[in-house]
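Below: the structure, in structure tokens.
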Amino acid sequence: MAGYVVLLAAFGIVPTAYAVYFAFTSSGNTFTGLSNFVNAARDFRYVPAVEHMAVYLVLWVVILVVFVTGLSLVLHQLPARRISRTVRFLYYIPGALAGAASVMVWLFMLDPTVSPAASFLRLLGYGTFGQVIEPGHLAILFAMIAFWTGAGGWIVVMCGALNTIPAETIEAARIDGAGGWRIARRIQIPMLRKWIVYMVILAFAAGTQLFVEPQLISEASLGVAGRDYSLNQLSYDFAFQNNNVNYAAAISVELLVVCVVVAAVFVTRSRFFDAS
Amino acid sequence: MPPMKSALRACSDVRPGRRRSALAVGLTAILAVALSACGGGAGSGSGSVFKDGFKQAPQSTGKLTVWVDSTRLPAAQAYQKAHPKVKLNIVTYDGDANGANTLQTKVDLFDRTGSGWPDVVFSAEQNETSWAVTAGFAAPLNEGLIPSSTLGNFATGALNVCTVDGKAYCLRNDLAQAVLWYNASLMKKWGYQVPTTWPQYQQLGEKVAQQHPGYLVGNAGDTFTPEIYMWASQCQASDITGLRAVTVNVTTPNCERMASLLDTLIKSGSMSKLSVFSTAFNKNEKGKVLMLPGPSWFGGAVFDTKSGLNVPKGQIGVAPIPQWPGSSPASTGNVGGGTWLLSAHSAHLKEAVDFMTWVTTSDAYQGDLAPGYPAYAPAAKVWLAHQASSGYYVGNPDPVLEQAAGQVWTGWNYGKWSNEAVWAATIDPGLTSGKTISSMLPAWQTAISNYATAAGYKVSH
């Protein structure tokens with residue numbers, strides 16, 4: 001517990017406080033009110049980045065919730081335990097790769113000249129890397145990469161959660177004549193609600209921090225796609241290219257506020273902490 | 001499996017949610033600490049003296065830390081071989097190629113921690129002085145560290161990218177003047193003349209598209225494409241007029257004529273939309289390149305290399321870049337030509353200066369080994385002699401390269417932002433989706449202006 005508090009302070013609370021301090025001061029350490037926020041928002045890259053993030057977050061969270069819940073239910077119903085366990089492990093493997101490494105895998109997947117899925121990409125009409133990563137495709141590509149790397153862990157969590165539903169409840173429903181679909185719809189999904197809310201909150205928070213995917217795509221495409229795509233990248237550019245830590249901090253604080261508000265809405269709406 | 005147990009195990013197995021930015025920041029911090037531990041940096045504390053035009057850190061013995069890109073790794077290794085007694089810590093990084101900005105990012109972190117700076121660093125970019133001087137990272141070289149006799153031997157104008165307020169803050173590695181590379185065997189076989197004007201070049205390109213479909217007269221898919229074509233056409237995309245002032249004017253006839261030429265040839269099929277460094281280009285265009293306007297280093301980096309087009313000996317010729325009729329003086333573009341910077345924080349200035357002088361001026365590296373045209377004139381003579389005697393090229397490439405070195409148009413300079421990155425993000429996606437460059441010139445103008453403004457420049461049109 002003490003160890004946790006020390007780590008939380010060192011890598012959570014202190015950096016956050018530091019960022020808040022930077023966000024409200026100038027480079028000369030004088031209090032500037034909201035001017036860092038206003039000036040950062042006036043930058044020509046800001047509004048496009050917000051739009052990108054909005055589209056990406058909707059895609060990513062919806063895809064994650066629908067597919068993770070769906071796949072977990074299917075896996076849970078598989079009669080053969082061993083197959084279920086094997087498939088669950090396979091889903092989990094990509095998540096075991098470190099973030100950047102798993103994106104590197106996708107760089108190969110998306111380049112028709114080297115991709116194992118080249119024929120599929122050509123079938124869709126994409127002959128070059130440039131065509132695959134054209135700006136309109138980026139949100140869905142990033143959502144796919146994030147799903148591939150992140151969903152496996154959640155499927156394992158959901159399967160665990162499904163195991164906590166008493167067998168008698170399912171048994172009773174079955175005796176009453178409910179099929180697989182009705183059991184899922186009327187019993188399992190409602191009982192998974194808190195787990196799903198928990199997943200949405202964390203997935204949303206992770207999603208707002210989109211950075212590695214666009215940054216690596218940008219470097220791999222020599223800047224053609226993905227530069228200044230997300231708010232985190234813009235923050236990074238402010239800090240290290242324009243030498244303006246204060247604007248960078250302002251954007252980080254905005255992201256933090258958005259995450260906290262969204263989490264609060266979900267927690268209160270879903271009665272997350274109610275004892276049931 | 002008891003349900004509770006499995007849920008618990010599942011939870012402990014999984015780390016849901018990725019903390020990517022935290023990870024990135026963490027890694028950077030670890031890297032900074034690691035580098036500072038093995039780097040030769042010294043704090044700006046007591047014992048510093050003002051000498052050679054800047055405040056020097058206390059000098060000490062120890063390892064000399066040099067940062068190079070993979071292409072310049074042989075330079076550092078050659079130095080080590082020639083100076084076995086010097087303790088060298090060679091670190092490779094991306095060299096800031098394509099506007100990567102790594103060096104500035106790292107130096108900014110080192111400034112915060114107060115240690116870790118490399119002693120000498122190579123950069124593929126020419127705009128490093130635009131931040132490194134005000135940041136106090138680059139040390140002035142012509143105030144006592146390097147004799148003027150040495151500096152005077154660099155090619156005319158080669159040190160312009162290094163000079164701020166009359167002080168030289170870097171040494172130029174190589175020149176990167178654009179020329180016209182062509183396959184002499186194919187030209188002869190098909191009875192074509194090497195074009196000397198851009199209209200002739202365009203005509204030949206259209207003819208090739210009809211008579212020999214699939215063959216190329218150029219490519220327009222590189223981040224540095226504008227530095228070959230637009231720069232040579234005297235298009236005012238980046239005319240730096242003061243320390244923080246730039247004039248941007250890309251919807252002028254000088255730009256439009258070249259945009260329309262590129263559009264026509266792209267449409268006809270003899271101008272590739274791929275990058276010469278893409279896997280697709282090297283896979284599909286081997287043996288299909290009839291002409292290729294490009295910088296002096298294309299010879300070694302694109303044609304005569306196994307990782308590139310790998311064209312056999314005795315086929316490739318070099319001609320001056322075509323000119324627009326009635327446009328004078330003769331002008332060409334420039335793609336890169338890296339620079340070496342000396343850290344003002346270095347605690348091993350003597351060794352560092354010796355290292356950077358050696359890698360830029362010695363025949364042993366620049367004359368014999370360097371892939372590009374040396375900026376140091378005496379080494380360039382040796383280098384050119386090697387090119388001529390290697391028998392790789394058809395005819396003697398030296399006069400063409402030497403002449404082009406003095407024809408780089410001076411109305412295009414490097415600012416603090418990367419024009420390569422701007423072109424890549426603004427024009428390339430449009431090209432891929434079938435838009436013309438001509439139609440995107442206004443967007444290019446806006447993008448350059450936006451990035452220049454964000455970098456603190458006053459932009460005029």
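Ligands are numbered from 1 in the order shown, residues from 1 within each chain, and chains are lettered A, B, ... in the order they appear in the structure tokens.
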Problem set entry | Filtered DSSP result for range 26-254 of chain A, state alpha helix (DSSP H), as a ChimeraX atom specification | /A:35-42,46-77,81-96,99-109,118-123,129-132,138-163,167-175,180-183,189-208,212-220,231-240,245-254
Problem set entry | Residues near range 289-301 of chain B, cut-off 6 Å, only C-alpha atoms, skip fewer than 4 positions along chain, as JSON, numbers by chain | {"B": [176, 177, 178, 179, 180, 181, 182, 183, 215, 216, 217, 218, 335, 371, 372]}
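Compared by their closest atoms to chain B, and using only C-alpha atoms, the residues A:Val156, A:Ala54, A:Val87, A:Ile93 rank with A:Val156 nearest.
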For this session: In Å, rounded to a single decimal, give me how far CA of Ala168 in chain B is from CA of Asn142 in chain B.
Result: 5.8 Å
For this session: When you get a sec, could you note down which chain A residues fall within 8 Å of chain B, using only C-alpha atoms, as an MDAnalysis selection string?
Result: chainID A and resid 43:44 99 113 128 130:131 134:135 150 153:154 156:157 159:161 163:165 202:203 205:206 209:212 219 222:225 227 232 240:242
Write to file, as an mmCIF file, in the first residue's frame, the residues of the selection just made, with C-alpha atoms.
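Once written, selection.cif looks like this:
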data_model
loop_
_atom_site.group_PDB
_atom_site.id
_atom_site.type_symbol
_atom_site.label_atom_id
_atom_site.label_comp_id
_atom_site.auth_asym_id
_atom_site.auth_seq_id
_atom_site.Cartn_x
_atom_site.Cartn_y
_atom_site.Cartn_z
ATOM 1 C CA ASP A 43 -3.277 27.196 -33.305
ATOM 2 C CA PHE A 44 -4.125 26.058 -36.839
ATOM 3 C CA GLY A 99 2.722 -0.601 -27.616
ATOM 4 C CA THR A 113 4.570 -4.344 -51.180
ATOM 5 C CA THR A 128 0.685 1.480 -52.446
ATOM 6 C CA GLY A 130 0.234 5.925 -49.599
ATOM 7 C CA GLN A 131 -3.196 4.797 -50.786
ATOM 8 C CA GLU A 134 -4.737 8.337 -47.046
ATOM 9 C CA PRO A 135 -6.073 10.864 -44.500
ATOM 10 C CA GLY A 150 -5.967 -3.842 -26.608
ATOM 11 C CA GLY A 153 -6.897 -8.239 -22.465
ATOM 12 C CA TRP A 154 -10.489 -7.070 -22.192
ATOM 13 C CA VAL A 156 -9.978 -12.195 -20.840
ATOM 14 C CA VAL A 157 -11.495 -9.815 -18.277
ATOM 15 C CA CYS A 159 -14.671 -14.041 -19.746
ATOM 16 C CA GLY A 160 -13.671 -13.878 -16.111
ATOM 17 C CA ALA A 161 -16.686 -11.673 -15.398
ATOM 18 C CA ASN A 163 -17.713 -16.869 -14.982
ATOM 19 C CA THR A 164 -18.960 -14.967 -11.947
ATOM 20 C CA ILE A 165 -22.578 -15.245 -13.106
ATOM 21 C CA LEU A 202 -10.455 3.086 -19.265
ATOM 22 C CA ALA A 203 -10.707 2.689 -23.055
ATOM 23 C CA ALA A 205 -8.938 7.484 -21.255
ATOM 24 C CA ALA A 206 -6.464 5.408 -23.266
ATOM 25 C CA GLN A 209 -3.921 9.601 -25.347
ATOM 26 C CA LEU A 210 -3.564 8.453 -28.955
ATOM 27 C CA PHE A 211 0.075 9.066 -29.820
ATOM 28 C CA VAL A 212 2.163 6.061 -30.813
ATOM 29 C CA GLU A 219 7.590 8.489 -39.442
ATOM 30 C CA LEU A 222 7.968 10.226 -44.061
ATOM 31 C CA GLY A 223 5.386 12.669 -42.812
ATOM 32 C CA VAL A 224 2.701 12.021 -45.415
ATOM 33 C CA ALA A 225 0.071 10.911 -42.904
ATOM 34 C CA ARG A 227 1.589 14.285 -38.400
ATOM 35 C CA ASN A 232 -1.180 14.482 -27.738
ATOM 36 C CA PHE A 240 9.619 20.005 -28.347
ATOM 37 C CA GLN A 241 9.309 21.784 -31.676
ATOM 38 C CA ASN A 242 7.958 25.161 -30.721
#
Exercise. What does the distance between CA of Leu171 in chain B and CA of Trp340 in chain B come to in Å, to one decimal place?
Worked result: 5.1 Å
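Residues in contact with Ala139 in chain A at 10 Å, where only C-alpha atoms are counted and same-chain residues fewer than 4 positions away are skipped, are listed as His52, Met53, Ala54, Val55, Tyr56, Leu57, Val58, Leu59, Trp60, Ile133, Pro135, Ala143, Met144, Pro214, Gly226 and Tyr229 of chain A.
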What would the file look like if the residues just selected were written as a compact mmCIF listing (two decimals), in the first residue's frame with C-alpha atoms?
# COMPACT_ATOMS: atom_id res chain seq x y z
CA HIS A 52 -9.74 13.62 -35.47
CA MET A 53 -9.92 12.64 -31.81
CA ALA A 54 -13.72 12.78 -31.73
CA VAL A 55 -14.09 10.50 -34.75
CA TYR A 56 -11.40 8.13 -33.50
CA LEU A 57 -12.83 7.89 -29.97
CA VAL A 58 -16.34 7.08 -31.18
CA LEU A 59 -15.03 4.41 -33.55
CA TRP A 60 -12.64 2.90 -31.01
CA ILE A 133 -2.96 5.48 -45.28
CA PRO A 135 -6.07 10.86 -44.50
CA ALA A 143 -9.08 2.07 -34.19
CA MET A 144 -8.21 -1.28 -35.76
CA PRO A 214 -0.07 8.31 -35.65
CA GLY A 226 -0.40 11.16 -39.19
CA TYR A 229 -3.11 14.04 -35.99
Exercise. Tell me, which residues of range 119-349 of chain B carry DSSP strand (DSSP E or B), written as number ranges by chain?
Worked result: B: 120-123, 138, 154, 163-164, 167-168, 170-172, 174-175, 177-183, 197, 216, 218-219, 236-242, 245-249, 271-272, 289, 291-295, 316-319, 323, 332, 334, 339-343, 346
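Rounded to one decimal, CA of Glu285 in chain B and CA of Met187 in chain B lie 16.7 Å from each other.
Residues lying within 7 Å of range 256-266 of chain A, counting only C-alpha atoms and ignoring same-chain neighbours fewer than 4 positions away, are Val197, Ile201, Ala205, Ser252 and Ser270 of chain A.
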